[in-house]
$ cat structure17.txt   # compact mmCIF, C-alpha atoms
# COMPACT_ATOMS: atom_id res chain seq x y z
CA MET A 28 18.65 -68.00 11.14
CA ILE A 29 19.57 -68.13 14.83
CA ASN A 30 20.58 -71.31 16.61
CA LEU A 31 18.25 -72.75 19.23
CA SER A 32 18.80 -75.47 21.79
CA TYR A 33 16.70 -78.66 21.78
CA SER A 34 14.70 -77.29 24.68
CA GLU A 35 14.09 -73.96 22.95
CA GLU A 36 12.89 -75.75 19.80
CA ASN A 37 10.51 -77.84 21.91
CA TYR A 38 9.07 -74.67 23.43
CA LEU A 39 8.46 -73.10 20.00
CA LYS A 40 6.80 -76.27 18.77
CA ALA A 41 4.61 -76.45 21.87
CA ILE A 42 3.59 -72.79 21.57
CA TYR A 43 2.70 -73.32 17.90
CA HIS A 44 0.49 -76.33 18.67
CA LEU A 45 -1.19 -74.59 21.60
CA ALA A 46 -1.93 -71.54 19.43
CA VAL A 47 -3.42 -73.67 16.64
CA ASN A 48 -5.57 -75.73 19.03
CA GLY A 49 -6.58 -72.88 21.33
CA ASN A 50 -7.65 -70.03 19.04
CA GLY A 51 -4.31 -68.29 19.19
CA LYS A 52 -3.99 -67.50 22.92
CA VAL A 53 -1.16 -69.29 24.73
CA THR A 54 -0.63 -68.85 28.48
CA THR A 55 2.39 -69.74 30.58
CA ASN A 56 0.22 -72.24 32.46
CA SER A 57 -0.81 -74.01 29.24
CA ILE A 58 2.86 -74.27 28.21
CA SER A 59 3.74 -75.63 31.64
CA GLU A 60 1.01 -78.28 31.39
CA LYS A 61 1.93 -79.32 27.85
CA LEU A 62 5.65 -79.65 28.55
CA LEU A 63 5.22 -80.95 32.12
CA THR A 64 7.48 -78.13 33.34
CA LYS A 65 7.29 -75.87 36.37
CA PRO A 66 5.78 -72.40 35.69
CA ALA A 67 8.97 -70.74 36.94
CA SER A 68 11.00 -72.61 34.32
CA VAL A 69 8.52 -71.55 31.63
CA SER A 70 8.88 -67.90 32.66
CA ASP A 71 12.68 -68.15 32.40
CA MET A 72 12.46 -69.70 28.94
CA ILE A 73 9.96 -67.10 27.76
CA ARG A 74 12.46 -64.38 28.62
CA LYS A 75 15.21 -66.19 26.69
CA LEU A 76 13.03 -66.73 23.64
CA SER A 77 11.81 -63.14 23.74
CA ASP A 78 15.42 -61.91 23.80
CA LYS A 79 16.10 -64.02 20.70
CA GLY A 80 13.16 -62.46 18.86
CA VAL A 81 11.16 -65.62 18.31
CA ILE A 82 8.24 -64.84 20.64
CA ASN A 83 6.37 -61.85 22.00
CA TYR A 84 4.92 -61.90 25.49
CA LYS A 85 2.61 -59.44 27.20
CA LYS A 86 1.07 -60.03 30.59
CA TYR A 87 -2.63 -61.01 30.34
CA GLN A 88 -2.27 -61.33 26.53
CA GLY A 89 -0.19 -64.49 26.47
CA VAL A 90 2.66 -65.72 24.30
CA HIS A 91 2.75 -65.26 20.53
CA LEU A 92 5.28 -66.52 18.02
CA THR A 93 6.96 -63.87 15.89
CA ARG A 94 7.26 -64.48 12.17
CA LEU A 95 10.74 -65.89 12.74
CA GLY A 96 9.50 -68.01 15.63
CA LYS A 97 6.73 -69.51 13.53
CA GLN A 98 9.18 -70.31 10.72
CA MET A 99 11.46 -72.11 13.14
CA ALA A 100 8.60 -74.00 14.81
CA LEU A 101 7.36 -75.21 11.43
CA LYS A 102 10.84 -76.43 10.49
CA VAL A 103 10.91 -78.60 13.61
CA ILE A 104 7.38 -79.89 12.90
CA ARG A 105 8.36 -80.62 9.28
CA LYS A 106 11.36 -82.69 10.40
CA HIS A 107 9.32 -84.53 13.02
CA ARG A 108 6.61 -85.58 10.58
CA LEU A 109 9.03 -86.54 7.81
CA TRP A 110 10.93 -88.76 10.23
CA GLU A 111 7.66 -90.38 11.29
CA VAL A 112 6.93 -91.26 7.65
CA PHE A 113 10.44 -92.68 7.26
CA LEU A 114 10.17 -94.78 10.42
CA VAL A 115 6.82 -96.27 9.42
CA GLU A 116 7.37 -96.73 5.68
CA LYS A 117 11.05 -97.69 5.60
CA LEU A 118 11.87 -99.16 9.01
CA ASN A 119 8.51 -100.84 9.65
CA PHE A 120 7.74 -99.10 12.93
CA ASN A 121 4.09 -99.14 14.00
CA TRP A 122 2.41 -95.75 13.96
CA ASP A 123 2.06 -95.81 17.75
CA GLU A 124 5.83 -96.27 18.17
CA VAL A 125 7.27 -93.39 16.16
CA HIS A 126 6.54 -90.25 18.17
CA GLU A 127 9.26 -90.61 20.79
CA VAL A 128 11.92 -91.51 18.21
CA ALA A 129 10.90 -88.61 15.96
CA GLU A 130 11.12 -86.30 19.00
CA GLN A 131 14.86 -87.02 19.02
CA LEU A 132 15.42 -86.92 15.27
CA GLU A 133 13.56 -83.61 14.78
CA HIS A 134 16.48 -81.67 16.28
CA ILE A 135 18.99 -82.68 13.58
CA LYS A 136 20.23 -79.41 12.11
CA SER A 137 21.23 -80.41 8.56
CA PRO A 138 18.87 -78.79 6.00
CA LEU A 139 20.43 -80.92 3.25
CA LEU A 140 19.62 -84.13 5.11
CA ILE A 141 15.97 -83.13 5.48
CA LYS A 142 15.80 -82.08 1.82
CA ARG A 143 17.19 -85.47 0.77
CA LEU A 144 14.85 -87.25 3.20
CA ASP A 145 11.85 -85.47 1.65
CA GLU A 146 13.01 -86.48 -1.84
CA PHE A 147 13.66 -90.07 -0.74
CA LEU A 148 10.13 -90.33 0.64
CA LYS A 149 8.72 -88.82 -2.60
CA PHE A 150 7.52 -85.60 -0.95
CA PRO A 151 4.76 -86.90 1.37
CA LYS A 152 1.98 -84.48 2.24
CA TYR A 153 0.85 -86.21 5.45
CA ASP A 154 2.50 -88.14 8.27
CA PRO A 155 1.28 -91.62 9.39
CA HIS A 156 -1.31 -90.01 11.71
CA GLY A 157 -2.74 -87.86 8.92
CA ASP A 158 -1.15 -84.59 10.07
CA PRO A 159 -0.04 -82.35 7.17
CA ILE A 160 3.70 -81.96 6.59
CA PRO A 161 4.85 -78.37 5.98
CA ASP A 162 6.96 -77.89 2.85
CA GLU A 163 10.28 -76.02 2.85
CA ASN A 164 8.38 -72.72 2.90
CA GLY A 165 6.16 -73.74 5.83
CA ASP A 166 3.07 -74.23 3.65
CA PHE A 167 0.64 -77.10 4.24
CA ALA A 168 -1.53 -79.14 1.89
CA GLU A 169 -4.96 -77.51 1.90
CA SER A 170 -7.46 -79.37 4.03
CA GLN A 171 -10.45 -78.38 6.15
CA PRO A 172 -11.39 -81.53 8.03
CA ILE A 173 -14.20 -81.78 10.55
CA GLU A 174 -14.70 -84.09 13.51
CA LEU A 175 -16.51 -87.28 12.54
CA ASN A 176 -19.18 -86.58 15.16
CA GLU A 177 -20.11 -83.41 13.25
CA MET A 178 -21.09 -85.39 10.17
CA GLY A 179 -24.74 -86.25 9.55
CA GLU A 180 -26.35 -89.66 9.23
CA GLY A 181 -25.86 -91.19 5.79
CA ASN A 182 -22.87 -88.99 4.98
CA SER A 183 -19.39 -90.28 4.25
CA GLY A 184 -15.90 -88.88 4.63
CA ILE A 185 -12.24 -89.80 4.31
CA LEU A 186 -10.26 -89.99 7.54
CA VAL A 187 -7.32 -87.57 7.28
CA THR A 188 -6.14 -86.84 10.82
CA ILE A 189 -6.09 -88.45 14.27
CA LYS A 190 -6.29 -85.87 17.08
CA ASP A 191 -5.28 -88.20 19.90
CA THR A 192 -1.97 -89.78 18.87
CA SER A 193 -1.32 -91.55 22.17
CA ALA A 194 -0.14 -95.16 21.81
CA PRO A 195 -3.24 -96.70 23.54
CA PHE A 196 -5.63 -94.88 21.20
CA LEU A 197 -3.65 -95.76 18.07
CA LYS A 198 -3.52 -99.41 19.12
CA TYR A 199 -7.30 -99.29 19.64
CA LEU A 200 -7.77 -97.89 16.12
CA ASP A 201 -5.54 -100.67 14.77
CA LYS A 202 -7.98 -103.21 16.19
CA LEU A 203 -10.83 -101.42 14.43
CA SER A 204 -8.84 -101.15 11.15
CA ILE A 205 -9.23 -97.37 11.25
CA HIS A 206 -6.33 -95.48 9.63
CA PRO A 207 -5.91 -92.26 7.64
CA GLY A 208 -7.26 -92.78 4.13
CA VAL A 209 -10.13 -95.09 5.14
CA LYS A 210 -13.63 -94.12 4.04
CA ILE A 211 -16.14 -93.84 6.90
CA LYS A 212 -19.92 -93.66 6.53
CA VAL A 213 -22.12 -92.53 9.43
CA VAL A 214 -24.89 -95.13 9.60
CA GLU A 215 -26.62 -93.93 12.77
CA LYS A 216 -26.04 -91.29 15.46
CA ILE A 217 -27.27 -92.17 18.95
CA GLU A 218 -28.87 -89.14 20.59
CA TYR A 219 -28.62 -90.58 24.12
CA ASP A 220 -24.82 -90.61 24.47
CA GLY A 221 -23.52 -89.12 21.22
CA SER A 222 -22.09 -92.45 20.07
CA MET A 223 -22.55 -93.63 16.51
CA GLN A 224 -22.65 -96.65 14.23
CA ILE A 225 -20.25 -96.37 11.32
CA GLU A 226 -19.38 -98.39 8.23
CA LEU A 227 -15.84 -98.57 6.86
CA SER A 228 -14.97 -98.72 3.18
CA LYS A 229 -14.58 -102.53 3.32
CA GLY A 230 -18.13 -102.95 4.60
CA LYS A 231 -17.16 -103.41 8.26
CA VAL A 232 -19.84 -101.97 10.58
CA MET A 233 -19.09 -101.00 14.19
CA HIS A 234 -20.23 -98.87 17.12
CA ILE A 235 -17.89 -96.12 18.42
CA SER A 236 -18.17 -93.70 21.31
CA LYS A 237 -18.50 -89.92 21.11
CA GLU A 238 -14.95 -89.60 22.45
CA VAL A 239 -13.58 -91.76 19.66
CA SER A 240 -15.50 -89.99 16.88
CA GLY A 241 -14.38 -86.62 18.28
CA ASN A 242 -10.76 -87.65 17.75
CA LEU A 243 -11.24 -88.60 14.09
CA LEU A 244 -11.00 -85.76 11.57
CA VAL A 245 -12.46 -86.36 8.12
CA THR A 246 -12.93 -84.51 4.85
CA GLU A 247 -16.62 -84.90 4.03
CA GLU A 248 -17.56 -86.23 0.62
CA LEU A 249 -20.03 -84.04 -1.25

$ encode --input "structure17.txt" --output "structure tokens"
Amino acid sequence: MINLSYSEENYLKAIYHLAVNGNGKVTTNSISEKLLTKPASVSDMIRKLSDKGVINYKKYQGVHLTRLGKQMALKVIRKHRLWEVFLVEKLNFNWDEVHEVAEQLEHIKSPLLIKRLDEFLKFPKYDPHGDPIPDENGDFAESQPIELNEMGEGNSGILVTIKDTSAPFLKYLDKLSIHPGVKIKVVEKIEYDGSMQIELSKGKVMHISKEVSGNLLVTEEL
């Protein structure tokens, strides 16, 4: 396995996330926007990563991770999400506080440390935001969640993932007592603005906007 700098690892992780969220096509502009970097700097990094065999780039076709590039991106994502679990469960961080710290810890190179961390945490499948944690082979727990706003009236689901993991949104969900693992029932969908009335597993009923429901991913109960 080749060695990558912190910056190179961040690029691979960003390309992976953009590919997953954007139907596979990743442009230099989208990378620039995600990493808040100048397009010229992105072009320079793409050349470096291409020379190392972790990405392929063709003009008008975008950037694609090679098999090696995907493996390395998933290793960084695995470390990031395991550290988030550790920070929340063992050091009592709030879930809206852990991202920046995990961004630093994810670049630790020791495979043995991460293996021991996984064992110490009893092999968690999801991070505090509900995102699946890849195993050592890069495999995820199987899950096909849908956005809450796609669920019909009267149906229920278990919240598994939060799409928007920004601190303001997570703090807002804290106030509503909405966290991964909570059961949510759609009581009523408002046609006018796409908002909805929901009921949580503890019987708490509330009104949420279309934007909020679109950021909550659930596995629907049959």

$ closest_residue --input "structure17.txt" --among "A:Asp145, A:Asp191, A:Glu124, A:Glu36" --to "Met99 (chain A)" --atoms "only C-alpha atoms"
A:Glu36

$ atom_distance --input "structure17.txt" --atom1 "CA of Gly181 (chain A)" --atom2 "CA of Lys212 (chain A)"
6.5 Å

$ closest_residue --input "structure17.txt" --among "A:Gly230, A:Gly184, A:Pro207, A:Gly221" --to "Glu248 (chain A)" --atoms "all atoms listed in the file"
A:Gly184

$ axis_aligned_box --input "structure17.txt" --around "region 184-190 of chain A" --padding-each-side "3 Å" --output "AutoDock Vina command-line options"
--center_x -11.0 --center_y -87.9 --center_z 10.7 --size_x 15.8 --size_y 10.1 --size_z 18.8

$ atom_distance --input "structure17.txt" --atom1 "CA of Val239 (chain A)" --atom2 "CA of Ser204 (chain A)"
13.5 Å

$ residues_around --input "structure17.txt" --residues "Trp110 (chain A)" --least-positions-apart "2" --cutoff "10 Å" --atoms "only C-alpha atoms" --output "list of chain:residue names"
A:Ile104, A:Arg105, A:Lys106, A:His107, A:Arg108, A:Val112, A:Phe113, A:Leu114, A:Val115, A:Glu116, A:Val125, A:His126, A:Val128, A:Ala129, A:Glu130, A:Gln131, A:Leu132, A:Glu133, A:Ile141, A:Leu144, A:Asp145, A:Leu148, A:Asp154

$ write_last_selection --input "structure17.txt" --atoms "C-alpha atoms" --output "tab-separated table (two decimals), keeping the file's coordinate frame"
chain	number	residue	atom	x	y	z
A	104	ILE	CA	7.38	-79.89	12.90
A	105	ARG	CA	8.36	-80.62	9.28
A	106	LYS	CA	11.36	-82.69	10.40
A	107	HIS	CA	9.32	-84.53	13.02
A	108	ARG	CA	6.61	-85.58	10.58
A	112	VAL	CA	6.93	-91.26	7.65
A	113	PHE	CA	10.44	-92.68	7.26
A	114	LEU	CA	10.17	-94.78	10.42
A	115	VAL	CA	6.82	-96.27	9.42
A	116	GLU	CA	7.37	-96.73	5.68
A	125	VAL	CA	7.27	-93.39	16.16
A	126	HIS	CA	6.54	-90.25	18.17
A	128	VAL	CA	11.92	-91.51	18.21
A	129	ALA	CA	10.90	-88.61	15.96
A	130	GLU	CA	11.12	-86.30	19.00
A	131	GLN	CA	14.86	-87.02	19.02
A	132	LEU	CA	15.42	-86.92	15.27
A	133	GLU	CA	13.56	-83.61	14.78
A	141	ILE	CA	15.97	-83.13	5.48
A	144	LEU	CA	14.85	-87.25	3.20
A	145	ASP	CA	11.85	-85.47	1.65
A	148	LEU	CA	10.13	-90.33	0.64
A	154	ASP	CA	2.50	-88.14	8.27

$ residues_around --input "structure17.txt" --residues "Lys231 (chain A)" --least-positions-apart "6" --cutoff "10 Å" --atoms "only C-alpha atoms" --output "tab-separated table (two decimals) with C-alpha atoms, in the coordinates of the input"
chain	number	residue	atom	x	y	z
A	203	LEU	CA	-10.83	-101.42	14.43
A	204	SER	CA	-8.84	-101.15	11.15
A	211	ILE	CA	-16.14	-93.84	6.90
A	225	ILE	CA	-20.25	-96.37	11.32

$ atom_distance --input "structure17.txt" --atom1 "CA of Val69 (chain A)" --atom2 "CA of Tyr43 (chain A)"
15.0 Å

$ residues_around --input "structure17.txt" --residues "Leu31 (chain A)" --least-positions-apart "5" --cutoff "10 Å" --atoms "all atoms listed in the file" --output "CSV table (one decimal) with C-alpha atoms, in the frame of the given file"
chain,number,residue,atom,x,y,z
A,36,GLU,CA,12.9,-75.8,19.8
A,37,ASN,CA,10.5,-77.8,21.9
A,39,LEU,CA,8.5,-73.1,20.0
A,76,LEU,CA,13.0,-66.7,23.6
A,79,LYS,CA,16.1,-64.0,20.7
A,99,MET,CA,11.5,-72.1,13.1
A,134,HIS,CA,16.5,-81.7,16.3
A,136,LYS,CA,20.2,-79.4,12.1

$ closest_residue --input "structure17.txt" --among "A:Ile82, A:Val209, A:Ile135, A:Met178" --to "Gly96 (chain A)" --atoms "all atoms listed in the file"
A:Ile82

$ residues_around --input "structure17.txt" --residues "Glu60 (chain A)" --least-positions-apart "5" --cutoff "12 Å" --atoms "all atoms listed in the file" --output "count of residues only"
11

$ closest_residue --input "structure17.txt" --among "A:Lys210, A:Tyr199, A:Glu247, A:Leu139" --to "Asn182 (chain A)" --atoms "all atoms listed in the file"
A:Glu247

$ residues_around --input "structure17.txt" --residues "Lys85 (chain A)" --least-positions-apart "6" --cutoff "12 Å" --atoms "only C-alpha atoms" --output "PyMOL selection string"
chain A and resi 52-55+70+73-74+77+91-92

$ write_last_selection --input "structure17.txt" --atoms "C-alpha atoms" --output "PDB file, in the frame of the given file"
ATOM      1  CA  LYS A  52      -3.990 -67.500  22.920  1.00  0.00           C
ATOM      2  CA  VAL A  53      -1.160 -69.290  24.730  1.00  0.00           C
ATOM      3  CA  THR A  54      -0.630 -68.850  28.480  1.00  0.00           C
ATOM      4  CA  THR A  55       2.390 -69.740  30.580  1.00  0.00           C
ATOM      5  CA  SER A  70       8.880 -67.900  32.660  1.00  0.00           C
ATOM      6  CA  ILE A  73       9.960 -67.100  27.760  1.00  0.00           C
ATOM      7  CA  ARG A  74      12.460 -64.380  28.620  1.00  0.00           C
ATOM      8  CA  SER A  77      11.810 -63.140  23.740  1.00  0.00           C
ATOM      9  CA  HIS A  91       2.750 -65.260  20.530  1.00  0.00           C
ATOM     10  CA  LEU A  92       5.280 -66.520  18.020  1.00  0.00           C
TER      11      LEU A  92
END

$ closest_residue --input "structure17.txt" --among "A:Gly208, A:Val214, A:Lys198, A:Pro159" --to "Gly179 (chain A)" --atoms "only C-alpha atoms"
A:Val214

$ closest_residue --input "structure17.txt" --among "A:Arg143, A:Lys190, A:Lys86, A:Lys202" --to "Ser240 (chain A)" --atoms "only C-alpha atoms"
A:Lys190
